[in-house]
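The block underneath contains the structure these notes are about, expressed in structure tokens.
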Amino acid sequence: MIHNEDNKDELGDNHIASGAQTPLRADAFDKTDDEKIASIKKDVENILLTLGMDLTDDSLKGTPNRVAKMFVKEIFGGLNPAKKPGSSTFENHYKYGEMLVEKNITVYSTCEHHLLPIVGRAHVAYISNGTVVGLSKMNRIVDYFAKRPQVQERLTMQIVQELKKVLGTEDVACVIDAKHLCVNSRGIRDIESSTVTSEFGGKFKEESARREFLDYIKLDTQF
């Protein structure tokens with residue numbers, strides 16, 4: 001099938017994902033971080049020069065290096081498996097068998113179609129089958145998978161799949177509500193709209209558990 005540039009733009013706006021796995025080449029980690037930064041720096045320089053920017057200006061001359069370091073070390077750091085959070089768990093000694101919900105986890109990600117920010121909140125829940133995980137680990141898992149070029153559907157699935165592996169249970173759920181600047185700041189420029197995605201596993205596929213989870217994340221808790 002032949003796709004012209006208009007087709008590619010349309011696919012991007014529709015946020016079509018290719019699957020639950022982040023699409024990486026086999027040689028994705030052949031280069032060191034420093035080698036990647038050096039290469040990206042040249043590419044950013046070329047982009048800015050092509051746009052007509054004067055890179056001798058004090059405000060701009062450090063931008064290529066800043067952007068390259070940010071890409072590799074920060075906003076796309078979740079591509080590196082070495083930065084994946086450890087999967088240490090604990091035995092549920094206190095026999096807590098009800099739902100545990102960690103809500104309003106901050107999400108900062110990047111849309112893989114336009115490389116613009118995705119900003120929102122993730123709400124994650126699980127029901128222990130004898131194993132628990134530290135609360136901060138749930139935040140770290142969200143942050144790790146968010147720090148890569150993403151589509152929100154894939155991010156939601158990856159969070160649930162990782163927690164299933166860590167906890168050894170299917171009873172995991174995630175809902176993400178986020179704004180996409182590829183919609184809010186360009187194209188249709190609808191600053192009010194947000195995107196909601198969900199993934200429910202195990203008992204959360206049942207209406208009662210799913211409803212309990214959704215009721216929890218609607219709580220207007222203030223501190």
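Going through the structure tokens in order, the chains are called A, B, and so on, while each chain numbers its residues from 1 and the ligands are numbered from 1 in the order shown.
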(message) I'd like the neighbourhood of Ala122 (chain A) as a list in words, where a residue qualifies if any of its atoms comes within 8 Å (using only C-alpha atoms), though same-chain residues fewer than 2 positions away should be ignored.
(response) Lys103, Asn104, Ile105, Thr106, Val107, Gly120, Val124, Val142, Cys174, Val175, Ile176 and Asp177 of chain A
(message) Could you go through region 36-137 of chain A and tell me which residues DSSP, when run on the backbone, assigns to strand (DSSP E or B), listing them as JSON, numbers by chain?
(response) {"A": [90, 91, 99, 100, 101, 102, 103, 104, 105, 106, 107, 108, 109, 110, 111, 117, 118, 119, 120, 121, 122, 123, 124, 125, 126, 127, 131, 132]}
(request) Using only C-alpha atoms, determine which residues lie at most 9 Å from Val166 (chain A), disregarding the query and same-chain residues fewer than 2 positions distant; provide the list as a list in words. (result) Ser87, Ser88, Thr89, Val133, Gln161, Glu162, Leu163, Lys164, Gly168 and Thr169 of chain A
Those same residues, written as a PDB file, in the first residue's frame with C-alpha atoms?
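Result went into part.pdb, see below:
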```pdb
ATOM      1  CA  SER A  87      10.991  -5.438  40.421  1.00  0.00           C
ATOM      2  CA  SER A  88      11.423  -6.100  44.144  1.00  0.00           C
ATOM      3  CA  THR A  89       8.210  -7.168  45.861  1.00  0.00           C
ATOM      4  CA  VAL A 133       4.929  -3.726  45.658  1.00  0.00           C
ATOM      5  CA  GLN A 161       1.667  -5.686  31.552  1.00  0.00           C
ATOM      6  CA  GLU A 162       4.700  -4.726  33.647  1.00  0.00           C
ATOM      7  CA  LEU A 163       2.743  -4.716  36.924  1.00  0.00           C
ATOM      8  CA  LYS A 164       1.244  -8.103  36.071  1.00  0.00           C
ATOM      9  CA  GLY A 168       2.433 -12.237  39.506  1.00  0.00           C
ATOM     10  CA  THR A 169      -1.270 -11.505  39.090  1.00  0.00           C
TER      11      THR A 169
END
```
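Among the candidate residues A:Ala38, A:Ile47, A:Ala209, A:Met53, the one lying nearest to Ile127 (chain A) is A:Ala209, with distances computed using only C-alpha atoms.
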Closest contacts (region 105-152 of chain A/region 188-204 of chain A, max 12 Å, only C-alpha atoms) as CSV:
```
residue,atom,partner,partner_atom,distance
A:Ile118,CA,A:Thr195,CA,9.8
A:Val119,CA,A:Ser194,CA,9.4
A:Gly120,CA,A:Ser194,CA,8.6
A:Arg121,CA,A:Val196,CA,9.7
A:Ala122,CA,A:Thr197,CA,9.5
A:His123,CA,A:Ser198,CA,9.4
A:Val124,CA,A:Glu199,CA,9.7
A:Ala125,CA,A:Phe204,CA,9.2
A:Tyr126,CA,A:Phe204,CA,8.6
A:Ile127,CA,A:Lys203,CA,8.3
A:Ser128,CA,A:Lys203,CA,11.1
A:Asn129,CA,A:Lys203,CA,11.5
A:Val151,CA,A:Thr197,CA,10.4
A:Gln152,CA,A:Thr197,CA,6.9
```
Take the residues that were just selected and, keeping N, CA and C atoms, output them as a compact mmCIF listing (two decimals), in the first residue's frame.
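The file below, again_25.txt, is the result:
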```txt
# COMPACT_ATOMS: atom_id res chain seq x y z
N ILE A 118 2.83 14.91 25.95
CA ILE A 118 1.59 14.35 26.49
C ILE A 118 1.68 14.58 28.00
N VAL A 119 0.68 15.24 28.57
CA VAL A 119 0.70 15.59 29.98
C VAL A 119 -0.61 15.16 30.62
N GLY A 120 -0.55 14.40 31.70
CA GLY A 120 -1.80 13.97 32.33
C GLY A 120 -1.59 13.23 33.62
N ARG A 121 -2.55 12.37 33.94
CA ARG A 121 -2.53 11.59 35.18
C ARG A 121 -2.84 10.14 34.88
N ALA A 122 -2.13 9.27 35.60
CA ALA A 122 -2.41 7.83 35.53
C ALA A 122 -2.97 7.38 36.87
N HIS A 123 -3.92 6.47 36.81
CA HIS A 123 -4.51 5.86 38.00
C HIS A 123 -4.32 4.35 37.87
N VAL A 124 -3.63 3.76 38.84
CA VAL A 124 -3.25 2.36 38.75
C VAL A 124 -3.79 1.60 39.97
N ALA A 125 -4.24 0.37 39.75
CA ALA A 125 -4.77 -0.44 40.85
C ALA A 125 -4.39 -1.89 40.66
N TYR A 126 -4.31 -2.61 41.79
CA TYR A 126 -4.14 -4.06 41.74
C TYR A 126 -4.77 -4.69 42.97
N ILE A 127 -5.03 -5.97 42.85
CA ILE A 127 -5.52 -6.77 43.98
C ILE A 127 -4.46 -7.83 44.26
N SER A 128 -3.91 -7.82 45.46
CA SER A 128 -2.79 -8.70 45.80
C SER A 128 -3.24 -10.16 45.84
N ASN A 129 -2.38 -11.04 45.32
CA ASN A 129 -2.60 -12.48 45.46
C ASN A 129 -1.58 -13.07 46.43
N VAL A 151 2.40 6.38 22.25
CA VAL A 151 0.98 6.64 22.06
C VAL A 151 0.31 6.21 23.37
N GLN A 152 -0.74 6.89 23.74
CA GLN A 152 -1.31 6.68 25.06
C GLN A 152 -1.86 5.28 25.25
```
For Val72 (chain A): contacts at 8 Å, only C-alpha atoms, fewer than 5 positions along chain excluded, given as a compact mmCIF listing (two decimals) with N, CA and C atoms, in the first residue's frame:
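The resulting file, out35.txt, is reproduced below:
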```
# COMPACT_ATOMS: atom_id res chain seq x y z
N ASP A 33 25.40 6.35 25.15
CA ASP A 33 24.63 7.59 25.32
C ASP A 33 25.41 8.78 24.78
N LYS A 36 25.21 8.89 21.04
CA LYS A 36 23.89 9.32 20.60
C LYS A 36 23.73 10.84 20.77
N ILE A 37 24.21 11.37 21.88
CA ILE A 37 24.12 12.81 22.12
C ILE A 37 24.89 13.58 21.05
N GLY A 77 14.61 8.69 28.13
CA GLY A 77 15.43 7.78 28.92
C GLY A 77 14.77 6.44 29.15
```
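Restricting the calculation to only C-alpha atoms, the smallest distance between His113 (chain A) and any of A:Gln150, A:Gln158, A:Thr131, A:Asn184 is found for A:Gln150.
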